[in-house]
$ cat query_24.pdb   # PDB, C-alpha atoms
ATOM      1  CA  MET Q   1       0.000   0.000   0.000
ATOM      2  CA  TYR Q   2       2.748   2.440   0.982
ATOM      3  CA  LYS Q   3       4.801   1.565  -2.108
ATOM      4  CA  ARG Q   4       1.824   2.247  -4.368
ATOM      5  CA  GLY Q   5       1.271   5.591  -2.687
ATOM      6  CA  ALA Q   6       4.956   6.499  -3.054
ATOM      7  CA  ILE Q   7       4.896   5.644  -6.764
ATOM      8  CA  PHE Q   8       1.748   7.746  -7.200
ATOM      9  CA  PHE Q   9       3.409  10.814  -5.654
ATOM     10  CA  LEU Q  10       6.667  10.233  -7.526
ATOM     11  CA  LEU Q  11       4.967   9.784 -10.887
ATOM     12  CA  PRO Q  12       4.814  13.530 -11.814
ATOM     13  CA  SER Q  13       8.523  13.960 -11.069
ATOM     14  CA  LEU Q  14       9.443  10.790 -12.940
ATOM     15  CA  LEU Q  15       7.338  11.884 -15.880
ATOM     16  CA  GLY Q  16       9.022  15.291 -15.955
ATOM     17  CA  LEU Q  17      12.442  13.649 -15.692
ATOM     18  CA  ALA Q  18      11.649  11.377 -18.632
ATOM     19  CA  VAL Q  19      10.154  14.106 -20.836
ATOM     20  CA  PHE Q  20      12.713  16.843 -20.213
ATOM     21  CA  PHE Q  21      15.919  14.851 -19.590
ATOM     22  CA  ILE Q  22      15.921  11.159 -20.506
ATOM     23  CA  VAL Q  23      14.066  11.416 -23.829
ATOM     24  CA  PRO Q  24      16.054  14.465 -25.092
ATOM     25  CA  PHE Q  25      19.307  12.746 -24.148
ATOM     26  CA  GLY Q  26      18.209   9.623 -26.012
ATOM     27  CA  ILE Q  27      17.468  11.750 -29.071
ATOM     28  CA  SER Q  28      20.945  13.314 -28.790
ATOM     29  CA  VAL Q  29      22.537   9.865 -28.710
ATOM     30  CA  TYR Q  30      20.494   8.892 -31.769
ATOM     31  CA  PHE Q  31      21.610  11.986 -33.713
ATOM     32  CA  SER Q  32      25.235  11.303 -32.783
ATOM     33  CA  LEU Q  33      25.046   7.916 -34.528
ATOM     34  CA  ILE Q  34      23.505   8.975 -37.868
ATOM     35  CA  ASP Q  35      24.881  11.009 -40.777
ATOM     36  CA  ASN Q  36      22.057  13.578 -40.970
ATOM     37  CA  ALA Q  37      18.381  14.059 -40.168
ATOM     38  CA  VAL Q  38      17.268  13.288 -43.753
ATOM     39  CA  SER Q  39      18.909  10.030 -44.811
ATOM     40  CA  ARG Q  40      19.477   8.850 -41.228
ATOM     41  CA  GLN Q  41      22.218   6.413 -42.158
ATOM     42  CA  PHE Q  42      24.011   4.742 -39.257
ATOM     43  CA  VAL Q  43      27.656   5.896 -39.135
ATOM     44  CA  GLY Q  44      28.759   4.374 -35.837
ATOM     45  CA  LEU Q  45      31.537   6.397 -34.210
ATOM     46  CA  GLY Q  46      32.108   8.563 -37.282
ATOM     47  CA  ASN Q  47      30.545  11.677 -35.756
ATOM     48  CA  PHE Q  48      32.497  11.227 -32.527
ATOM     49  CA  ILE Q  49      35.784  10.944 -34.450
ATOM     50  CA  ASP Q  50      34.925  14.017 -36.525
ATOM     51  CA  THR Q  51      34.072  16.008 -33.400
ATOM     52  CA  TRP Q  52      37.180  14.846 -31.542
ATOM     53  CA  ASN Q  53      39.436  15.974 -34.420
ATOM     54  CA  ASN Q  54      37.745  19.363 -34.725
ATOM     55  CA  GLN Q  55      40.063  22.229 -33.727
ATOM     56  CA  ALA Q  56      37.267  24.330 -32.248
ATOM     57  CA  PHE Q  57      36.176  21.400 -30.089
ATOM     58  CA  GLU Q  58      39.768  20.851 -28.948
ATOM     59  CA  LEU Q  59      40.089  24.526 -27.991
ATOM     60  CA  ALA Q  60      36.734  24.455 -26.174
ATOM     61  CA  VAL Q  61      37.644  21.294 -24.230
ATOM     62  CA  ARG Q  62      41.019  22.687 -23.196
ATOM     63  CA  ASN Q  63      39.568  26.012 -22.026
ATOM     64  CA  THR Q  64      36.679  24.315 -20.224
ATOM     65  CA  LEU Q  65      39.017  21.967 -18.364
ATOM     66  CA  VAL Q  66      41.220  24.907 -17.347
ATOM     67  CA  PHE Q  67      38.188  26.890 -16.238
ATOM     68  CA  MET Q  68      36.705  24.016 -14.221
ATOM     69  CA  GLY Q  69      40.084  22.967 -12.821
ATOM     70  CA  VAL Q  70      40.649  26.461 -11.417
ATOM     71  CA  SER Q  71      37.190  27.791 -10.598
ATOM     72  CA  ILE Q  72      35.610  24.754  -8.905
ATOM     73  CA  PRO Q  73      38.400  23.969  -6.374
ATOM     74  CA  LEU Q  74      38.911  27.671  -5.676
ATOM     75  CA  ASN Q  75      35.190  28.213  -5.189
ATOM     76  CA  MET Q  76      34.918  25.224  -2.839
ATOM     77  CA  LEU Q  77      37.993  26.299  -0.853
ATOM     78  CA  LEU Q  78      36.755  29.865  -0.409
ATOM     79  CA  ALA Q  79      33.233  28.690   0.460
ATOM     80  CA  LEU Q  80      34.522  26.271   3.097
ATOM     81  CA  THR Q  81      36.819  28.938   4.561
ATOM     82  CA  LEU Q  82      33.990  31.467   4.797
ATOM     83  CA  ALA Q  83      31.628  28.842   6.258
ATOM     84  CA  LEU Q  84      34.182  28.078   8.983
ATOM     85  CA  CYS Q  85      34.612  31.799   9.660
ATOM     86  CA  LEU Q  86      30.843  32.378   9.869
ATOM     87  CA  LYS Q  87      30.132  29.411  12.164
ATOM     88  CA  PRO Q  88      31.242  31.007  15.479
ATOM     89  CA  MET Q  89      29.534  34.336  14.699
ATOM     90  CA  ARG Q  90      26.238  35.438  16.154
ATOM     91  CA  VAL Q  91      23.118  34.449  14.251
ATOM     92  CA  GLY Q  92      22.190  38.042  13.352
ATOM     93  CA  VAL Q  93      25.615  38.856  11.928
ATOM     94  CA  ARG Q  94      25.710  35.551  10.062
ATOM     95  CA  ARG Q  95      22.344  36.232   8.427
ATOM     96  CA  VAL Q  96      23.388  39.690   7.270
ATOM     97  CA  LEU Q  97      26.584  38.345   5.736
ATOM     98  CA  MET Q  98      24.753  35.452   4.063
ATOM     99  CA  VAL Q  99      22.335  37.909   2.450
ATOM    100  CA  PHE Q 100      25.367  39.722   1.070
ATOM    101  CA  PHE Q 101      26.875  36.491  -0.331
ATOM    102  CA  LEU Q 102      23.566  35.311  -1.801
ATOM    103  CA  MET Q 103      22.728  38.568  -3.568
ATOM    104  CA  PRO Q 104      24.425  37.561  -6.876
ATOM    105  CA  LEU Q 105      22.098  34.534  -7.133
ATOM    106  CA  VAL Q 106      18.926  36.643  -7.160
ATOM    107  CA  ILE Q 107      20.202  39.457  -9.379
ATOM    108  CA  PRO Q 108      18.853  39.088 -12.965
ATOM    109  CA  SER Q 109      21.417  38.137 -15.594
ATOM    110  CA  GLY Q 110      20.799  41.394 -17.466
ATOM    111  CA  SER Q 111      21.797  43.432 -14.424
ATOM    112  CA  VAL Q 112      24.835  41.219 -13.844
ATOM    113  CA  VAL Q 113      25.977  41.693 -17.434
ATOM    114  CA  PHE Q 114      25.367  45.452 -17.245
ATOM    115  CA  PHE Q 115      27.497  45.709 -14.104
ATOM    116  CA  TRP Q 116      30.406  43.609 -15.362
ATOM    117  CA  ARG Q 117      30.397  45.219 -18.808
ATOM    118  CA  HIS Q 118      30.894  48.664 -17.309
ATOM    119  CA  PHE Q 119      33.209  47.455 -14.569
ATOM    120  CA  ILE Q 120      35.820  45.828 -16.837
ATOM    121  CA  ALA Q 121      35.459  47.995 -19.968
ATOM    122  CA  PHE Q 122      38.410  50.081 -21.145
ATOM    123  CA  ASN Q 123      36.910  53.212 -19.579
ATOM    124  CA  GLY Q 124      35.293  51.207 -16.781
ATOM    125  CA  MET Q 125      35.535  51.409 -13.024
ATOM    126  CA  LEU Q 126      38.345  48.844 -12.743
ATOM    127  CA  ASN Q 127      40.741  50.734 -15.003
ATOM    128  CA  ARG Q 128      39.919  53.997 -13.261
ATOM    129  CA  LEU Q 129      40.733  52.445  -9.895
ATOM    130  CA  LEU Q 130      43.986  51.009 -11.255
ATOM    131  CA  LEU Q 131      45.050  54.335 -12.730
ATOM    132  CA  THR Q 132      44.106  56.078  -9.495
ATOM    133  CA  TYR Q 133      46.145  53.888  -7.167
ATOM    134  CA  ILE Q 134      48.958  52.937  -9.567
ATOM    135  CA  PRO Q 135      50.829  56.024 -10.818
ATOM    136  CA  GLU Q 136      50.852  56.283 -14.615
ATOM    137  CA  ALA Q 137      54.551  57.065 -14.520
ATOM    138  CA  TRP Q 138      55.248  53.583 -13.134
ATOM    139  CA  LEU Q 139      53.479  51.452 -15.721
ATOM    140  CA  GLY Q 140      51.963  53.798 -18.275
ATOM    141  CA  THR Q 141      48.639  53.006 -19.931
ATOM    142  CA  GLU Q 142      49.806  50.615 -22.654
ATOM    143  CA  TRP Q 143      49.292  47.634 -20.324
ATOM    144  CA  LEU Q 144      45.539  48.325 -20.228
ATOM    145  CA  PRO Q 145      43.688  46.224 -22.863
ATOM    146  CA  THR Q 146      42.044  48.593 -25.333
ATOM    147  CA  GLY Q 147      39.282  46.091 -26.132
ATOM    148  CA  GLY Q 148      38.345  45.474 -22.507
ATOM    149  CA  TRP Q 149      39.568  42.827 -20.099
ATOM    150  CA  LEU Q 150      37.398  40.068 -21.611
ATOM    151  CA  ASN Q 151      39.209  40.547 -24.901
ATOM    152  CA  SER Q 152      42.671  40.151 -23.414
ATOM    153  CA  ASP Q 153      44.960  37.463 -22.051
ATOM    154  CA  PHE Q 154      43.392  38.050 -18.620
ATOM    155  CA  ALA Q 155      39.896  37.067 -19.789
ATOM    156  CA  MET Q 156      39.929  33.659 -18.065
ATOM    157  CA  TYR Q 157      40.653  35.281 -14.693
ATOM    158  CA  PHE Q 158      37.516  37.389 -14.984
ATOM    159  CA  VAL Q 159      35.385  34.422 -16.074
ATOM    160  CA  VAL Q 160      36.575  32.537 -12.982
ATOM    161  CA  GLY Q 161      35.865  35.617 -10.869
ATOM    162  CA  ILE Q 162      32.323  35.949 -12.221
ATOM    163  CA  PHE Q 163      31.657  32.269 -11.535
ATOM    164  CA  ILE Q 164      32.923  32.469  -7.938
ATOM    165  CA  TRP Q 165      31.141  35.755  -7.287
ATOM    166  CA  LYS Q 166      27.815  34.295  -8.375
ATOM    167  CA  ASN Q 167      27.993  30.797  -6.831
ATOM    168  CA  ILE Q 168      29.999  31.093  -3.625
ATOM    169  CA  GLY Q 169      26.991  32.023  -1.477
ATOM    170  CA  PHE Q 170      25.070  28.821  -2.233
ATOM    171  CA  ASN Q 171      28.149  26.706  -1.497
ATOM    172  CA  ILE Q 172      28.615  28.486   1.829
ATOM    173  CA  ILE Q 173      25.085  27.447   2.831
ATOM    174  CA  LEU Q 174      25.793  23.811   1.906
ATOM    175  CA  PHE Q 175      29.023  23.748   3.887
ATOM    176  CA  GLN Q 176      27.331  25.388   6.864
ATOM    177  CA  ALA Q 177      24.664  22.688   6.807
ATOM    178  CA  GLY Q 178      27.372  20.013   6.680
ATOM    179  CA  LEU Q 179      29.234  21.597   9.592
ATOM    180  CA  ASP Q 180      26.058  21.748  11.679
ATOM    181  CA  PHE Q 181      25.566  17.982  11.289
ATOM    182  CA  ILE Q 182      28.962  17.195  12.836
ATOM    183  CA  PRO Q 183      28.368  16.429  16.546
ATOM    184  CA  ARG Q 184      30.181  18.795  18.927
ATOM    185  CA  GLU Q 185      31.055  15.815  21.116
ATOM    186  CA  TYR Q 186      33.635  14.691  18.544
ATOM    187  CA  TYR Q 187      35.537  17.934  18.931
ATOM    188  CA  GLU Q 188      35.265  17.847  22.723
ATOM    189  CA  VAL Q 189      36.645  14.312  22.886
ATOM    190  CA  ALA Q 190      39.436  15.181  20.452
ATOM    191  CA  SER Q 191      40.316  18.238  22.531
ATOM    192  CA  ILE Q 192      40.464  16.139  25.701
ATOM    193  CA  GLU Q 193      42.721  13.651  23.911
ATOM    194  CA  GLY Q 194      45.102  16.481  23.087
ATOM    195  CA  ALA Q 195      44.282  17.018  19.407
ATOM    196  CA  GLY Q 196      44.910  20.544  18.198
ATOM    197  CA  LYS Q 197      42.740  22.639  15.908
ATOM    198  CA  TRP Q 198      44.471  21.482  12.732
ATOM    199  CA  ARG Q 199      44.286  17.830  13.748
ATOM    200  CA  GLN Q 200      40.572  18.227  14.502
ATOM    201  CA  PHE Q 201      40.060  19.919  11.141
ATOM    202  CA  PHE Q 202      41.730  17.156   9.107
ATOM    203  CA  SER Q 203      40.549  14.190  11.210
ATOM    204  CA  ILE Q 204      36.981  15.277  11.978
ATOM    205  CA  THR Q 205      35.789  18.214   9.854
ATOM    206  CA  LEU Q 206      37.086  17.072   6.481
ATOM    207  CA  VAL Q 207      36.167  13.422   7.077
ATOM    208  CA  TYR Q 208      32.552  14.133   8.007
ATOM    209  CA  LEU Q 209      32.205  16.764   5.293
ATOM    210  CA  ALA Q 210      32.984  14.195   2.575
ATOM    211  CA  PRO Q 211      29.317  13.790   1.483
ATOM    212  CA  THR Q 212      28.942  17.582   1.448
ATOM    213  CA  PHE Q 213      32.089  17.917  -0.658
ATOM    214  CA  LEU Q 214      30.637  15.484  -3.194
ATOM    215  CA  LEU Q 215      27.327  17.382  -3.346
ATOM    216  CA  VAL Q 216      29.035  20.776  -3.653
ATOM    217  CA  PHE Q 217      31.333  19.457  -6.372
ATOM    218  CA  ILE Q 218      28.464  18.048  -8.462
ATOM    219  CA  LEU Q 219      26.471  21.266  -8.165
ATOM    220  CA  SER Q 220      29.582  23.316  -8.956
ATOM    221  CA  VAL Q 221      30.151  21.299 -12.136
ATOM    222  CA  VAL Q 222      26.545  21.938 -13.162
ATOM    223  CA  ASN Q 223      26.805  25.637 -12.321
ATOM    224  CA  SER Q 224      30.105  25.958 -14.202
ATOM    225  CA  PHE Q 225      28.196  25.267 -17.415
ATOM    226  CA  LYS Q 226      25.648  27.941 -16.519
ATOM    227  CA  VAL Q 227      28.283  30.687 -16.510
ATOM    228  CA  PHE Q 228      27.947  30.625 -20.304
ATOM    229  CA  ARG Q 229      24.835  32.783 -20.024
ATOM    230  CA  GLU Q 230      26.737  35.777 -18.675
ATOM    231  CA  ILE Q 231      29.792  35.193 -20.877
ATOM    232  CA  TYR Q 232      27.602  34.909 -23.965
ATOM    233  CA  LEU Q 233      25.814  38.177 -23.176
ATOM    234  CA  LEU Q 234      29.161  39.870 -22.531
ATOM    235  CA  THR Q 235      31.177  38.544 -25.485
ATOM    236  CA  GLY Q 236      28.807  36.988 -28.033
ATOM    237  CA  THR Q 237      29.197  33.731 -29.959
ATOM    238  CA  HIS Q 238      32.923  34.090 -30.703
ATOM    239  CA  PRO Q 239      34.742  35.506 -27.665
ATOM    240  CA  ASN Q 240      38.460  35.735 -27.025
ATOM    241  CA  PRO Q 241      40.006  32.307 -27.812
ATOM    242  CA  SER Q 242      41.107  31.920 -24.183
ATOM    243  CA  ILE Q 243      37.466  31.811 -22.989
ATOM    244  CA  TYR Q 244      35.929  29.860 -25.873
ATOM    245  CA  LEU Q 245      34.155  27.160 -23.844
ATOM    246  CA  LEU Q 246      32.247  24.001 -24.688
ATOM    247  CA  GLN Q 247      29.001  25.906 -24.355
ATOM    248  CA  HIS Q 248      30.129  28.243 -27.151
ATOM    249  CA  PHE Q 249      30.951  25.241 -29.318
ATOM    250  CA  LEU Q 250      27.573  23.604 -28.692
ATOM    251  CA  ASN Q 251      25.704  26.869 -29.263
ATOM    252  CA  ASN Q 252      27.552  27.554 -32.526
ATOM    253  CA  GLN Q 253      26.957  24.026 -33.826
ATOM    254  CA  PHE Q 254      23.265  24.420 -33.076
ATOM    255  CA  ALA Q 255      23.204  27.751 -34.921
ATOM    256  CA  MET Q 256      24.810  26.050 -37.947
ATOM    257  CA  LEU Q 257      22.275  23.176 -37.709
ATOM    258  CA  ASN Q 258      25.126  20.689 -37.286
ATOM    259  CA  TYR Q 259      23.134  18.489 -34.932
ATOM    260  CA  GLN Q 260      25.427  15.478 -35.351
ATOM    261  CA  ARG Q 261      28.498  17.310 -34.098
ATOM    262  CA  MET Q 262      26.521  19.017 -31.347
ATOM    263  CA  ALA Q 263      25.030  15.702 -30.198
ATOM    264  CA  SER Q 264      28.440  14.004 -30.241
ATOM    265  CA  ALA Q 265      29.955  16.790 -28.138
ATOM    266  CA  SER Q 266      27.029  16.519 -25.694
ATOM    267  CA  VAL Q 267      27.624  12.788 -25.286
ATOM    268  CA  PHE Q 268      31.321  13.470 -24.662
ATOM    269  CA  VAL Q 269      30.416  15.975 -21.931
ATOM    270  CA  PHE Q 270      27.918  13.581 -20.355
ATOM    271  CA  GLY Q 271      30.451  10.735 -20.326
ATOM    272  CA  PHE Q 272      33.159  12.925 -18.801
ATOM    273  CA  VAL Q 273      30.906  14.225 -16.014
ATOM    274  CA  LEU Q 274      29.517  10.739 -15.334
ATOM    275  CA  VAL Q 275      32.977   9.179 -14.993
ATOM    276  CA  LEU Q 276      34.224  12.060 -12.839
ATOM    277  CA  VAL Q 277      31.251  11.898 -10.461
ATOM    278  CA  PHE Q 278      31.529   8.099 -10.231
ATOM    279  CA  ILE Q 279      35.227   8.295  -9.295
ATOM    280  CA  LEU Q 280      34.577  10.938  -6.644
ATOM    281  CA  TYR Q 281      31.620   8.971  -5.293
ATOM    282  CA  ARG Q 282      33.782   5.855  -4.908
ATOM    283  CA  LEU Q 283      36.495   7.901  -3.184
ATOM    284  CA  GLN Q 284      33.902   9.394  -0.858
ATOM    285  CA  GLN Q 285      32.504   5.961  -0.038
ATOM    286  CA  ARG Q 286      35.968   4.620   0.714
ATOM    287  CA  GLN Q 287      36.689   7.611   2.936
ATOM    288  CA  THR Q 288      33.418   7.004   4.805
ATOM    289  CA  TYR Q 289      34.239   3.364   5.485
ATOM    290  CA  ILE Q 290      37.711   4.289   6.698
TER     291      ILE Q 290
END
$ encode --input "query_24.pdb" --output "structure tokens"
Amino acid sequence: MYKRGAIFFLLPSLLGLAVFFIVPFGISVYFSLIDNAVSRQFVGLGNFIDTWNNQAFELAVRNTLVFMGVSIPLNMLLALTLALCLKPMRVGVRRVLMVFFLMPLVIPSGSVVFFWRHFIAFNGMLNRLLLTYIPEAWLGTEWLPTGGWLNSDFAMYFVVGIFIWKNIGFNIILFQAGLDFIPREYYEVASIEGAGKWRQFFSITLVYLAPTFLLVFILSVVNSFKVFREIYLLTGTHPNPSIYLLQHFLNNQFAMLNYQRMASASVFVFGFVLVLVFILYRLQQRQTYI
């Protein structure tokens, strides 16, 4: 009886999952295995080989891996540090600071783009601050990118900064929830046994935060693909080569109606994320048993 009731309540969610995720992904796999949408001839791994050898795809993969390899660990490290700093504070102060960190999540993308476009433009606030506090006689003005910071060699730094600025607040909340679930008795016993703060951090905090780390990492990977919205509005379909990401590649292939290459790239991304999450899940499980 209870199982039937559970299935009844889960049915709308399962139906939505099938319609909006499973079925579209199955269609993408199908398109990745045929030559085109007209003749629909089976080509096996031909589309995957063509996509893998594409220079734009190679550039997008390299930039995306660099972006994720820098932004996700840095975001998680800063979020954990801030969560640890906020934990001993009073509830009122903590709430005020959390509102400040969560503000970027509720600001519309148009306002975010408007702010960053004027902040990092050639005549923007950032360059004015730099010229104000760094004498022009020291460095001159030739080091300032005339096309804006997102069209320079420093573009990736700003993309990472935008990602951290927008997502760090949500990660702080997740880490705070994980810290609250760690019993205080563990720290009291460790303190009685003579363990210092660093030993307690590595032996208790990090160990019992392993499930939270896995959750934050998965959500950070998902959110790292969402940064394309702001970057696209700031730079368009063909940005500086250093910030040409997989999302740009997929969007451009869709615009050119090259569904086979787009579907193949999507399957590559799905496989990479699936393998990465599986490895981290196994590591987390092993850490839990230890």
$ resolve_selection --input "query_24.pdb" --expression "the PyMOL selection byres ((chain Q and resi 31-44) around 7)" --output "list in words"
Ile27, Ser28, Val29, Tyr30, Leu45, Gly46, Asn47, Tyr259, Gln260, Arg261, Ala263 and Ser264 of chain Q
$ residues_around --input "query_24.pdb" --residues "range 173-177 of chain Q" --least-positions-apart "2" --cutoff "12 Å" --atoms "all atoms listed in the file" --output "ChimeraX atom specification"
/Q:75-88,94-95,97-99,101-102,167-171,179-182,205-206,208-217,219-220
$ closest_residue --input "query_24.pdb" --among "Q:Asn63, Q:Ser152, Q:Gln247, Q:Asn54" --to "Arg229 in chain Q" --atoms "all atoms listed in the file"
Q:Gln247
$ resolve_selection --input "query_24.pdb" --expression "the PyMOL selection byres ((chain Q and resi 65) around 12)" --output "JSON, numbers by chain"
{"Q": [58, 59, 60, 61, 62, 63, 64, 66, 67, 68, 69, 70, 71, 72, 156, 221, 224, 225, 242, 243, 244, 245, 246, 269, 272, 273]}
$ closest_residue --input "query_24.pdb" --among "Q:Gly92, Q:Gly236, Q:Gly148, Q:Pro104" --to "Arg117 in chain Q" --atoms "only C-alpha atoms"
Q:Gly148
$ axis_aligned_box --input "query_24.pdb" --around "range 1-20 of chain Q" --padding-each-side "3 Å" --output "AutoDock Vina command-line options"
--center_x 6.4 --center_y 8.4 --center_z -9.9 --size_x 18.7 --size_y 22.8 --size_z 27.8
$ atom_distance --input "query_24.pdb" --atom1 "CA of Asn223 in chain Q" --atom2 "CA of Ile164 in chain Q"
10.2 Å
$ atom_distance --input "query_24.pdb" --atom1 "CA of Asn151 in chain Q" --atom2 "CA of Pro108 in chain Q"
23.6 Å
$ atom_distance --input "query_24.pdb" --atom1 "CA of Asn127 in chain Q" --atom2 "CA of Phe115 in chain Q"
14.2 Å
$ residues_around --input "query_24.pdb" --residues "Val112 in chain Q" --least-positions-apart "6" --cutoff "12 Å" --atoms "all atoms listed in the file" --output "JSON, numbers by chain"
{"Q": [103, 104, 105, 106, 118, 119, 162, 163, 165, 166, 227, 229, 230, 231, 233, 234]}
$ closest_residue --input "query_24.pdb" --among "Q:Leu250, Q:Met256, Q:Ile192, Q:Ile107" --to "Phe268 in chain Q" --atoms "all atoms listed in the file"
Q:Leu250
